[in-house]
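S.K.: What follows is target.txt, made up of compact mmCIF, C-alpha atoms and all ligand atoms:
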# COMPACT_ATOMS: atom_id res chain seq x y z
CA MET A 10 9.26 -23.96 10.16
CA ILE A 11 7.10 -20.88 10.59
CA ASP A 12 4.06 -20.94 8.38
CA SER A 13 0.92 -18.86 8.43
CA ALA A 14 -1.99 -18.32 6.12
CA ASP A 15 -1.26 -14.60 6.50
CA PHE A 16 2.36 -14.02 5.58
CA LEU A 17 2.28 -10.48 7.03
CA LYS A 18 2.09 -11.99 10.51
CA ILE A 19 5.44 -13.71 10.00
CA LEU A 20 7.35 -10.68 8.76
CA PRO A 21 8.28 -9.20 12.15
CA ASP A 22 9.85 -12.51 13.33
CA LEU A 23 11.50 -12.97 9.98
CA ALA A 24 12.96 -9.45 10.05
CA LYS A 25 14.51 -10.19 13.47
CA ALA A 26 16.03 -13.46 12.27
CA ILE A 27 17.65 -12.10 9.10
CA PRO A 28 21.12 -10.54 9.27
CA GLN A 29 20.77 -7.33 7.24
CA ASN A 30 24.31 -7.67 5.90
CA GLY A 31 23.98 -11.35 5.11
CA VAL A 32 24.69 -12.78 1.68
CA VAL A 33 21.49 -13.54 -0.21
CA THR A 34 20.96 -16.16 -2.90
CA VAL A 35 17.61 -16.33 -4.68
CA LEU A 36 16.26 -19.17 -6.82
CA THR A 37 13.27 -18.32 -8.99
CA GLY A 38 10.94 -20.49 -11.04
CA ALA A 39 8.00 -19.98 -13.37
CA GLY A 40 5.72 -18.72 -10.56
CA VAL A 41 7.60 -15.41 -10.35
CA SER A 42 6.59 -14.65 -13.96
CA ALA A 43 3.03 -16.01 -13.69
CA GLU A 44 1.64 -12.59 -12.85
CA SER A 45 3.36 -11.19 -15.94
CA GLY A 46 1.14 -13.51 -17.96
CA ILE A 47 3.64 -16.29 -18.64
CA PRO A 48 2.21 -19.74 -17.89
CA THR A 49 3.93 -22.01 -15.37
CA PHE A 50 4.63 -25.66 -16.19
CA ARG A 51 2.94 -27.91 -13.68
CA GLU A 52 -0.08 -26.15 -12.29
CA ALA A 53 -3.43 -27.83 -12.79
CA ARG A 54 -5.38 -26.40 -15.76
CA THR A 55 -2.95 -23.62 -16.70
CA GLY A 56 0.47 -25.35 -16.63
CA LEU A 57 2.19 -25.84 -20.00
CA TRP A 58 2.96 -29.49 -19.28
CA GLU A 59 -0.74 -30.06 -18.53
CA LYS A 60 -1.61 -29.08 -22.11
CA TYR A 61 1.49 -30.00 -24.08
CA ASP A 62 3.68 -33.09 -24.09
CA PRO A 63 7.30 -32.15 -23.34
CA ALA A 64 8.44 -35.28 -25.19
CA GLU A 65 7.05 -33.75 -28.40
CA LEU A 66 8.32 -30.21 -27.83
CA ALA A 67 11.27 -30.02 -25.48
CA THR A 68 13.74 -32.77 -26.38
CA MET A 69 16.44 -33.03 -29.03
CA GLU A 70 14.63 -36.08 -30.45
CA ALA A 71 11.44 -34.04 -30.86
CA PHE A 72 13.37 -31.28 -32.62
CA LEU A 73 15.01 -33.69 -35.05
CA ASN A 74 11.69 -35.47 -35.72
CA ASN A 75 9.60 -32.36 -36.21
CA PRO A 76 11.59 -29.10 -36.12
CA LYS A 77 8.67 -27.07 -37.50
CA LEU A 78 6.39 -28.06 -34.63
CA VAL A 79 9.07 -27.31 -32.06
CA TRP A 80 9.92 -23.96 -33.66
CA ALA A 81 6.24 -22.98 -33.87
CA TRP A 82 5.83 -23.70 -30.15
CA TYR A 83 8.89 -21.68 -29.20
CA GLN A 84 7.82 -18.81 -31.45
CA TRP A 85 4.47 -18.74 -29.64
CA ARG A 86 6.25 -18.67 -26.28
CA ARG A 87 8.59 -15.93 -27.51
CA GLU A 88 5.60 -13.82 -28.43
CA LEU A 89 4.19 -14.22 -24.91
CA VAL A 90 7.54 -13.27 -23.43
CA SER A 91 7.96 -10.25 -25.71
CA LYS A 92 4.57 -8.88 -24.68
CA ALA A 93 5.11 -9.52 -20.96
CA ILE A 94 6.47 -6.91 -18.59
CA PRO A 95 8.28 -7.49 -15.29
CA ASN A 96 5.94 -7.50 -12.30
CA PRO A 97 6.52 -6.09 -8.79
CA GLY A 98 8.17 -9.38 -7.72
CA HIS A 99 10.88 -9.04 -10.37
CA LEU A 100 11.30 -5.34 -9.51
CA ALA A 101 11.62 -6.01 -5.78
CA LEU A 102 14.43 -8.53 -6.40
CA SER A 103 16.20 -6.00 -8.58
CA ALA A 104 15.89 -3.36 -5.82
CA LEU A 105 17.36 -5.80 -3.29
CA GLU A 106 20.32 -6.48 -5.57
CA GLN A 107 21.00 -2.74 -5.97
CA HIS A 108 20.86 -2.34 -2.21
CA LEU A 109 23.12 -5.29 -1.35
CA ASN A 110 25.63 -5.21 -4.19
CA GLN A 111 26.78 -1.61 -3.81
CA ASP A 112 30.34 -2.33 -2.64
CA THR A 113 30.74 -6.09 -2.53
CA GLU A 114 28.77 -8.90 -4.11
CA LYS A 115 26.17 -10.05 -1.61
CA PHE A 116 23.31 -10.97 -3.90
CA VAL A 117 23.02 -13.65 -6.58
CA LEU A 118 19.87 -14.47 -8.53
CA ILE A 119 19.61 -17.98 -9.94
CA THR A 120 16.69 -18.52 -12.28
CA GLN A 121 15.18 -21.51 -14.04
CA ASN A 122 13.20 -19.09 -16.20
CA VAL A 123 14.15 -18.46 -19.81
CA ASP A 124 12.06 -15.29 -20.20
CA SER A 125 14.60 -12.47 -19.50
CA LEU A 126 12.13 -10.72 -17.19
CA HIS A 127 14.71 -10.47 -14.40
CA HIS A 128 17.10 -8.75 -16.83
CA ARG A 129 14.36 -6.42 -17.95
CA ALA A 130 13.56 -5.58 -14.30
CA GLY A 131 17.17 -4.42 -13.88
CA SER A 132 18.75 -7.43 -12.15
CA LYS A 133 22.39 -7.92 -13.16
CA ASN A 134 23.93 -10.76 -11.21
CA ILE A 135 21.81 -13.48 -12.82
CA ILE A 136 22.63 -17.13 -13.37
CA GLU A 137 20.36 -18.66 -16.02
CA LEU A 138 20.20 -22.39 -15.40
CA HIS A 139 17.90 -23.34 -18.27
CA GLY A 140 19.11 -20.93 -20.96
CA ASN A 141 17.22 -18.09 -22.58
CA ILE A 142 14.37 -18.39 -25.06
CA MET A 143 15.47 -15.27 -26.95
CA ARG A 144 18.95 -16.68 -27.66
CA GLU A 145 19.70 -19.26 -30.33
CA VAL A 146 22.42 -21.80 -30.92
CA CYS A 147 23.53 -23.75 -33.98
CA LEU A 148 23.24 -27.53 -33.76
CA ASP A 149 26.47 -27.99 -35.73
CA CYS A 150 28.97 -25.26 -34.85
CA TYR A 151 27.38 -24.15 -31.53
CA GLN A 152 27.57 -20.47 -32.52
CA LYS A 153 25.22 -18.52 -30.25
CA THR A 154 23.26 -15.43 -31.25
CA ASN A 155 21.24 -12.95 -29.24
CA SER A 156 19.03 -11.75 -32.08
CA PRO A 157 16.10 -14.12 -32.42
CA THR A 158 15.19 -15.29 -35.90
CA SER A 159 12.07 -17.21 -36.86
CA MET A 160 10.77 -19.69 -39.38
CA SER A 161 10.05 -18.30 -42.82
CA PRO A 162 6.33 -17.97 -43.72
CA ASP A 163 6.53 -21.29 -45.62
CA GLY A 164 8.02 -23.04 -42.59
CA GLU A 165 11.77 -22.99 -43.39
CA ILE A 166 13.80 -23.59 -40.22
CA PRO A 167 16.33 -20.81 -39.48
CA ARG A 168 19.91 -21.66 -40.50
CA CYS A 169 23.22 -20.67 -38.97
CA SER A 170 24.93 -17.68 -40.63
CA ASN A 171 28.30 -19.27 -39.92
CA CYS A 172 27.92 -22.87 -41.13
CA GLY A 173 24.35 -23.28 -42.44
CA GLY A 174 23.42 -25.76 -39.68
CA LEU A 175 19.98 -25.93 -38.09
CA ILE A 176 19.35 -23.35 -35.40
CA ARG A 177 17.53 -24.12 -32.16
CA PRO A 178 16.44 -22.00 -29.19
CA ASP A 179 19.22 -21.84 -26.58
CA VAL A 180 17.25 -23.50 -23.80
CA VAL A 181 17.89 -26.70 -21.89
CA TRP A 182 15.71 -29.57 -23.09
CA PHE A 183 14.78 -32.73 -21.23
CA GLY A 184 17.70 -35.14 -21.14
CA GLU A 185 20.29 -32.38 -21.65
CA GLN A 186 23.01 -31.20 -19.29
CA LEU A 187 22.71 -27.75 -17.78
CA PRO A 188 25.47 -25.29 -18.77
CA GLN A 189 28.38 -26.33 -16.54
CA LYS A 190 29.59 -22.83 -15.72
CA SER A 191 26.12 -21.70 -14.61
CA LEU A 192 25.73 -24.84 -12.53
CA ASP A 193 29.10 -24.32 -10.80
CA LEU A 194 28.25 -20.69 -10.01
CA ALA A 195 24.80 -21.69 -8.72
CA TRP A 196 26.29 -24.36 -6.46
CA GLN A 197 28.80 -21.88 -5.13
CA ALA A 198 26.08 -19.29 -4.47
CA ALA A 199 23.95 -21.86 -2.61
CA ARG A 200 26.93 -22.94 -0.49
CA ASN A 201 28.06 -19.43 0.39
CA CYS A 202 24.87 -17.65 1.34
CA ASP A 203 23.38 -16.73 4.72
CA ILE A 204 19.85 -16.38 3.36
CA PHE A 205 18.33 -18.50 0.58
CA LEU A 206 15.07 -17.42 -1.00
CA SER A 207 13.13 -19.93 -3.12
CA VAL A 208 10.45 -18.15 -5.15
CA GLY A 209 7.71 -19.54 -7.38
CA THR A 210 9.23 -22.92 -8.05
CA SER A 211 7.68 -26.35 -7.53
CA ALA A 212 11.13 -27.40 -6.26
CA ILE A 213 11.01 -30.76 -7.98
CA VAL A 214 13.15 -30.35 -11.10
CA GLN A 215 16.76 -31.35 -10.58
CA PRO A 216 19.43 -30.16 -10.27
CA ALA A 217 17.87 -26.78 -9.35
CA ALA A 218 15.78 -28.42 -6.61
CA SER A 219 19.00 -29.40 -4.79
CA LEU A 220 20.16 -25.79 -4.41
CA PRO A 221 18.01 -24.90 -1.38
CA MET A 222 19.02 -28.20 0.24
CA ILE A 223 22.69 -27.27 -0.16
CA ALA A 224 21.99 -23.91 1.49
CA TYR A 225 20.07 -25.74 4.23
CA GLN A 226 23.04 -28.06 4.90
CA ASN A 227 25.25 -24.97 5.17
CA GLU A 228 22.90 -23.50 7.77
CA ALA A 229 21.51 -20.66 5.70
CA ILE A 230 18.10 -19.29 6.63
CA ILE A 231 15.68 -20.60 4.01
CA ILE A 232 12.60 -18.65 2.99
CA GLU A 233 10.03 -19.94 0.51
CA VAL A 234 7.58 -17.73 -1.39
CA ASN A 235 4.88 -19.71 -3.18
CA ILE A 236 1.12 -19.81 -3.50
CA ASN A 237 1.27 -23.54 -2.65
CA GLN A 238 3.22 -25.90 -0.43
CA THR A 239 6.08 -27.73 -2.15
CA PRO A 240 8.37 -30.66 -1.25
CA LEU A 241 10.81 -28.01 0.00
CA SER A 242 8.34 -26.46 2.46
CA PRO A 243 9.07 -28.81 5.41
CA TYR A 244 12.77 -27.85 5.32
CA VAL A 245 12.47 -24.09 5.24
CA ASP A 246 12.60 -21.65 8.12
CA PHE A 247 9.85 -19.37 6.82
CA VAL A 248 7.06 -20.23 4.41
CA LEU A 249 5.48 -17.10 2.95
CA GLN A 250 2.37 -18.27 1.20
CA GLY A 251 1.13 -15.85 -1.42
CA PHE A 252 1.68 -14.27 -4.82
CA SER A 253 5.29 -13.31 -5.34
CA SER A 254 4.29 -9.92 -6.78
CA ILE A 255 2.75 -9.09 -3.41
CA VAL A 256 4.97 -11.00 -0.98
CA LEU A 257 8.39 -9.99 -2.37
CA PRO A 258 7.91 -6.19 -2.19
CA LYS A 259 6.57 -6.50 1.37
CA LEU A 260 9.31 -8.89 2.46
CA ILE A 261 12.14 -6.89 0.95
CA SER A 262 10.96 -3.49 2.13
CA ARG A 263 10.34 -4.81 5.66
CA VAL A 264 13.55 -6.79 6.14
CA TRP A 265 16.08 -4.63 4.31
CA ASN A 266 14.37 -1.30 4.84
CA ILE A 267 14.29 -0.56 1.15
CA LYS A 268 11.77 2.03 0.12
CA MET A 269 9.72 0.33 -2.55
CA ILE A 270 7.61 2.40 -4.88
CA SER A 271 3.98 1.51 -4.42
CA PHE A 272 2.92 -0.83 -7.18
CA SER A 273 -0.76 -1.21 -6.51
CA LYS A 274 -3.52 0.04 -4.23
CA ASN A 275 -3.20 -3.15 -2.14
CA ASP A 276 0.38 -2.20 -1.29
CA GLU A 277 -0.85 0.71 0.76
CA LYS A 278 -2.64 -1.55 3.20
P1 LIG B 301 6.51 -25.18 -12.09
O1 LIG B 301 5.41 -24.94 -13.05
O2 LIG B 301 6.92 -26.58 -11.85
O3 LIG B 301 6.14 -24.55 -10.69
C1 LIG B 301 5.66 -23.24 -10.56
C2 LIG B 301 5.48 -22.95 -9.09
O4 LIG B 301 5.12 -21.59 -8.94
C3 LIG B 301 4.40 -23.77 -8.40
O5 LIG B 301 4.92 -24.30 -7.19
C4 LIG B 301 3.28 -22.76 -8.12
O6 LIG B 301 2.59 -23.05 -6.92
C5 LIG B 301 4.07 -21.47 -7.99
N1 LIG B 301 3.35 -20.24 -8.34
C6 LIG B 301 2.48 -20.03 -9.36
N2 LIG B 301 2.10 -18.74 -9.43
C7 LIG B 301 2.75 -18.11 -8.42
C8 LIG B 301 2.79 -16.77 -7.97
N3 LIG B 301 2.10 -15.80 -8.57
N4 LIG B 301 3.56 -16.47 -6.90
C9 LIG B 301 4.27 -17.45 -6.27
N5 LIG B 301 4.28 -18.73 -6.66
C10 LIG B 301 3.54 -19.07 -7.71
O7 LIG B 301 7.75 -24.27 -12.57
P2 LIG B 301 9.28 -24.42 -12.19
O8 LIG B 301 9.46 -24.83 -10.79
O9 LIG B 301 9.94 -23.17 -12.63
O10 LIG B 301 12.41 -26.59 -17.26
O11 LIG B 301 9.73 -25.59 -13.15
C11 LIG B 301 11.07 -25.93 -13.23
C12 LIG B 301 11.42 -26.33 -14.62
O12 LIG B 301 10.50 -27.34 -15.09
C13 LIG B 301 11.28 -25.23 -15.67
O13 LIG B 301 12.40 -24.38 -15.74
C14 LIG B 301 11.13 -26.01 -16.94
C15 LIG B 301 10.15 -27.08 -16.48
O14 LIG B 301 10.18 -28.27 -17.18
C16 LIG B 301 12.79 -26.71 -18.54
O15 LIG B 301 12.05 -26.41 -19.46
C17 LIG B 301 14.17 -27.25 -18.70
Rewrite the coordinates I just gave you, this time as structure tokens.
Ligand code: OAD
M.R.:
Amino acid sequence: MIDSADFLKILPDLAKAIPQNGVVTVLTGAGVSAESGIPTFREARTGLWEKYDPAELATMEAFLNNPKLVWAWYQWRRELVSKAIPNPGHLALSALEQHLNQDTEKFVLITQNVDSLHHRAGSKNIIELHGNIMREVCLDCYQKTNSPTSMSPDGEIPRCSNCGGLIRPDVVWFGEQLPQKSLDLAWQAARNCDIFLSVGTSAIVQPAASLPMIAYQNEAIIIEVNINQTPLSPYVDFVLQGFSSIVLPKLISRVWNIKMISFSKNDEK
């Protein structure tokens, strides 16, 4: 493992180790959207699960017990997401995809985030493991819709236009299976890559946390971008400690020679 308090010192060695034409798989978590103003889950003080109890808000049981509370919480999160804009970390990943996926598919982005910020940054080859907060699904007929509704002012829960069933946000709740197709594609992408990038995830929530380990077993080069150490850190080849909005543009422009527009004054340094 190569680790340094100053990630810039690692970049030259990293650039030498990375095959420019290698297949890249990226796994992102809440940290990549933190600088867009969307709270993460487990960080002290600011993490959502520090303030809210997932058992009351993110399980099917909670929804059936108190759908108004659950809907109100998701509407609040939707508002945050709607106001947020992709940050330089999202944009750098999108630039890397454009660079690598010109002729053949050499870049896959797996995300645990439900906020659509990767889509809005221009990424295309995205696997959403935990659903999407802007989509909805009917509890009864499973019809999915992309146009978010909301509770009526007097707290009526949205109903399905097809069958009248209760509608819920199309996200994965605790105790639920991940969408099988997304999981299969994610597994395949982890198995088949030369370079695996884990960005802004605490790397503890399964099954996503197994993806870098699969890449590791298949001898991919593993790079972690995070402001903190995680349980994955001891297994990775390069730990780049820092904010993803700063590290990703530097990493991607240095290794793949992609000209990145300058996002902030600090980028000039
Ligand atoms: P976590 O909140 O568990 O972890 C966020 C990680 O991002 C932490 O390791 C932080 O150190 C790191 N981080 C924070 N800001 C950062 C920044 N600017 N740059 C780089 N790293 C930063 O979020 P996830 O790992 O995404 O699932 O959590 C996984 C799943 O747990 C979520 O998808 C959600 C949650 O329960 C469901 O809701 C199903």
S.K.: With all atoms listed in the file counted and 8 Å as the cut-off, give the residues of chain A in contact with ligand LIG 301 (chain B), each with its shortest interatomic distance in Å and the pair that gives it, as JSON lines.
M.R.:
{"residue": "A:Thr37", "atom": "CA", "partner": "B:LIG301", "partner_atom": "O9", "distance": 6.9}
{"residue": "A:Gly38", "atom": "CA", "partner": "B:LIG301", "partner_atom": "O9", "distance": 3.3}
{"residue": "A:Ala39", "atom": "CA", "partner": "B:LIG301", "partner_atom": "O9", "distance": 3.8}
{"residue": "A:Gly40", "atom": "CA", "partner": "B:LIG301", "partner_atom": "O4", "distance": 3.3}
{"residue": "A:Val41", "atom": "CA", "partner": "B:LIG301", "partner_atom": "N4", "distance": 5.4}
{"residue": "A:Ser42", "atom": "CA", "partner": "B:LIG301", "partner_atom": "N3", "distance": 7.1}
{"residue": "A:Ala43", "atom": "CA", "partner": "B:LIG301", "partner_atom": "N2", "distance": 5.1}
{"residue": "A:Glu44", "atom": "CA", "partner": "B:LIG301", "partner_atom": "N3", "distance": 5.4}
{"residue": "A:Pro48", "atom": "CA", "partner": "B:LIG301", "partner_atom": "O1", "distance": 7.8}
{"residue": "A:Thr49", "atom": "CA", "partner": "B:LIG301", "partner_atom": "O1", "distance": 4.0}
{"residue": "A:Phe50", "atom": "CA", "partner": "B:LIG301", "partner_atom": "O1", "distance": 3.3}
{"residue": "A:Arg51", "atom": "CA", "partner": "B:LIG301", "partner_atom": "O1", "distance": 3.9}
{"residue": "A:Glu52", "atom": "CA", "partner": "B:LIG301", "partner_atom": "O1", "distance": 5.7}
{"residue": "A:Gly56", "atom": "CA", "partner": "B:LIG301", "partner_atom": "O1", "distance": 6.1}
{"residue": "A:Leu57", "atom": "CA", "partner": "B:LIG301", "partner_atom": "O1", "distance": 7.7}
{"residue": "A:Trp58", "atom": "CA", "partner": "B:LIG301", "partner_atom": "O14", "distance": 7.6}
{"residue": "A:Pro63", "atom": "CA", "partner": "B:LIG301", "partner_atom": "O14", "distance": 7.8}
{"residue": "A:Ala67", "atom": "CA", "partner": "B:LIG301", "partner_atom": "O15", "distance": 7.1}
{"residue": "A:Gln121", "atom": "CA", "partner": "B:LIG301", "partner_atom": "O13", "distance": 4.3}
{"residue": "A:Asn122", "atom": "CA", "partner": "B:LIG301", "partner_atom": "O13", "distance": 5.4}
{"residue": "A:Val123", "atom": "CA", "partner": "B:LIG301", "partner_atom": "O13", "distance": 7.4}
{"residue": "A:His139", "atom": "CA", "partner": "B:LIG301", "partner_atom": "C17", "distance": 5.4}
{"residue": "A:Val180", "atom": "CA", "partner": "B:LIG301", "partner_atom": "C17", "distance": 7.0}
{"residue": "A:Val181", "atom": "CA", "partner": "B:LIG301", "partner_atom": "C17", "distance": 4.9}
{"residue": "A:Trp182", "atom": "CA", "partner": "B:LIG301", "partner_atom": "C17", "distance": 5.2}
{"residue": "A:Phe183", "atom": "CA", "partner": "B:LIG301", "partner_atom": "C17", "distance": 6.1}
{"residue": "A:Val208", "atom": "CA", "partner": "B:LIG301", "partner_atom": "C9", "distance": 6.3}
{"residue": "A:Gly209", "atom": "CA", "partner": "B:LIG301", "partner_atom": "N5", "distance": 3.6}
{"residue": "A:Thr210", "atom": "CA", "partner": "B:LIG301", "partner_atom": "O8", "distance": 3.3}
{"residue": "A:Ser211", "atom": "CA", "partner": "B:LIG301", "partner_atom": "O5", "distance": 3.5}
{"residue": "A:Ala212", "atom": "CA", "partner": "B:LIG301", "partner_atom": "O8", "distance": 5.5}
{"residue": "A:Ile213", "atom": "CA", "partner": "B:LIG301", "partner_atom": "O8", "distance": 6.7}
{"residue": "A:Val214", "atom": "CA", "partner": "B:LIG301", "partner_atom": "C11", "distance": 5.3}
{"residue": "A:Ala217", "atom": "CA", "partner": "B:LIG301", "partner_atom": "C11", "distance": 7.9}
{"residue": "A:Val234", "atom": "CA", "partner": "B:LIG301", "partner_atom": "C9", "distance": 5.9}
{"residue": "A:Asn235", "atom": "CA", "partner": "B:LIG301", "partner_atom": "N5", "distance": 3.7}
{"residue": "A:Ile236", "atom": "CA", "partner": "B:LIG301", "partner_atom": "N5", "distance": 4.6}
{"residue": "A:Asn237", "atom": "CA", "partner": "B:LIG301", "partner_atom": "O6", "distance": 4.5}
{"residue": "A:Gln238", "atom": "CA", "partner": "B:LIG301", "partner_atom": "O6", "distance": 7.1}
{"residue": "A:Thr239", "atom": "CA", "partner": "B:LIG301", "partner_atom": "O5", "distance": 6.2}
{"residue": "A:Gln250", "atom": "CA", "partner": "B:LIG301", "partner_atom": "C9", "distance": 7.8}
{"residue": "A:Gly251", "atom": "CA", "partner": "B:LIG301", "partner_atom": "C9", "distance": 6.0}
{"residue": "A:Phe252", "atom": "CA", "partner": "B:LIG301", "partner_atom": "N4", "distance": 3.6}
{"residue": "A:Ser253", "atom": "CA", "partner": "B:LIG301", "partner_atom": "N4", "distance": 3.9}
{"residue": "A:Ser254", "atom": "CA", "partner": "B:LIG301", "partner_atom": "N3", "distance": 6.5}
S.K.: Measuring between all atoms listed in the file, which one of A:Ile27, A:Ser219, A:Val32, A:Glu88 shows the shortest distance to His108 (chain A)?
M.R.: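 When distances to His108 (chain A) are compared using all atoms listed in the file, the smallest one comes from A:Val32.
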S.K.: Let me make sure I understand: among A:Gly31, A:Leu241, A:Arg200, A:Glu145, which one has the smallest atom-to-atom distance to Asn227 (chain A) if we use all atoms listed in the file?
M.R.: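 Smallest distance to Asn227 (chain A) is found for A:Arg200.
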S.K.: Please identify all polymer residues within 9 Å of Leu17 (chain A), counting all atoms listed in the file, omitting same-chain residues fewer than 4 positions from it, and present them as a PyMOL selection string.
M.R.: chain A and resi 13+21+249+256+259-260
S.K.: Quick one: pull the distance between CA of Arg168 (chain A) and CA of Gly184 (chain A), Å, one decimal.
M.R.: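 Between CA of Arg168 (chain A) and CA of Gly184 (chain A) the gap works out to 23.7 Å.
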S.K.: What is the distance, in Å and to one decimal place, between CA of Glu106 (chain A) and CA of Ser156 (chain A)?
M.R.: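 Atom-to-atom, CA of Glu106 (chain A) and CA of Ser156 (chain A) are spaced 27.1 Å apart.
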S.K.: Counting all atoms listed in the file, note down every residue that has an atom within 6 Å of the point (17.3, -18.3, -2.4) (file coordinates), as a ChimeraX atom specification.
M.R.: /A:34-36,205-207
S.K.: Restricted to C-alpha atoms, what would the selected residues look like written as an mmCIF file, keeping the file's coordinate frame?
M.R.:
data_model
loop_
_atom_site.group_PDB
_atom_site.id
_atom_site.type_symbol
_atom_site.label_atom_id
_atom_site.label_comp_id
_atom_site.auth_asym_id
_atom_site.auth_seq_id
_atom_site.Cartn_x
_atom_site.Cartn_y
_atom_site.Cartn_z
ATOM 1 C CA THR A 34 20.960 -16.160 -2.900
ATOM 2 C CA VAL A 35 17.610 -16.330 -4.680
ATOM 3 C CA LEU A 36 16.260 -19.170 -6.820
ATOM 4 C CA PHE A 205 18.330 -18.500 0.580
ATOM 5 C CA LEU A 206 15.070 -17.420 -1.000
ATOM 6 C CA SER A 207 13.130 -19.930 -3.120
#
S.K.: Name the closest residue to Leu175 (chain A) among the candidates A:Pro221, A:Gly131, A:Pro76, A:Pro28; distances are taken between atoms, counting all atoms listed in the file.
M.R.: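 Closest residue, counting all atoms listed in the file: A:Pro76.
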S.K.: Take CA of Val264 (chain A) and CA of Asn110 (chain A) and report the distance between them in Å, one decimal.
M.R.: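 Distance reported for this atom pair: 16.0 Å.
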S.K.: My list of candidates is A:Leu148, A:Asn155, A:Gln186, A:Ala198. Which is closest to Leu118 (chain A) when distances are computed with only C-alpha atoms?
M.R.: A:Ala198
S.K.: Calculated over all atoms listed in the file, which of the candidates A:Ala71, A:Leu109, A:Leu66, A:Ala199 has the smallest distance to Arg86 (chain A)?
M.R.: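 Under the stated criterion, the closest residue is A:Leu66.
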S.K.: Extract, using all atoms listed in the file, all DNA, RNA and protein residues at most 10 Å from Met143 (chain A), discarding same-chain residues fewer than 4 positions from it, and format them as a VMD selection string.
M.R.: chain A and resid 83 to 84 86 to 87 90 to 91 123 to 125 154 to 158 178 to 180
S.K.: Measuring between only C-alpha atoms, which one of A:Ile166, A:Ile136, A:Ile47, A:Cys202 shows the shortest distance to Ile94 (chain A)?
M.R.: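 Among the listed residues, the smallest separation from Ile94 (chain A) belongs to A:Ile47.
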S.K.: Padding of 6 Å on every side, edges along x, y and z, all listed atoms of region 127-139 of chain A included: what centre and edge lengths in Å, to one decimal, does that box have, as JSON?
M.R.:
{"center_x": 18.7, "center_y": -13.9, "center_z": -14.7, "size_x": 22.4, "size_y": 30.9, "size_z": 19.1}
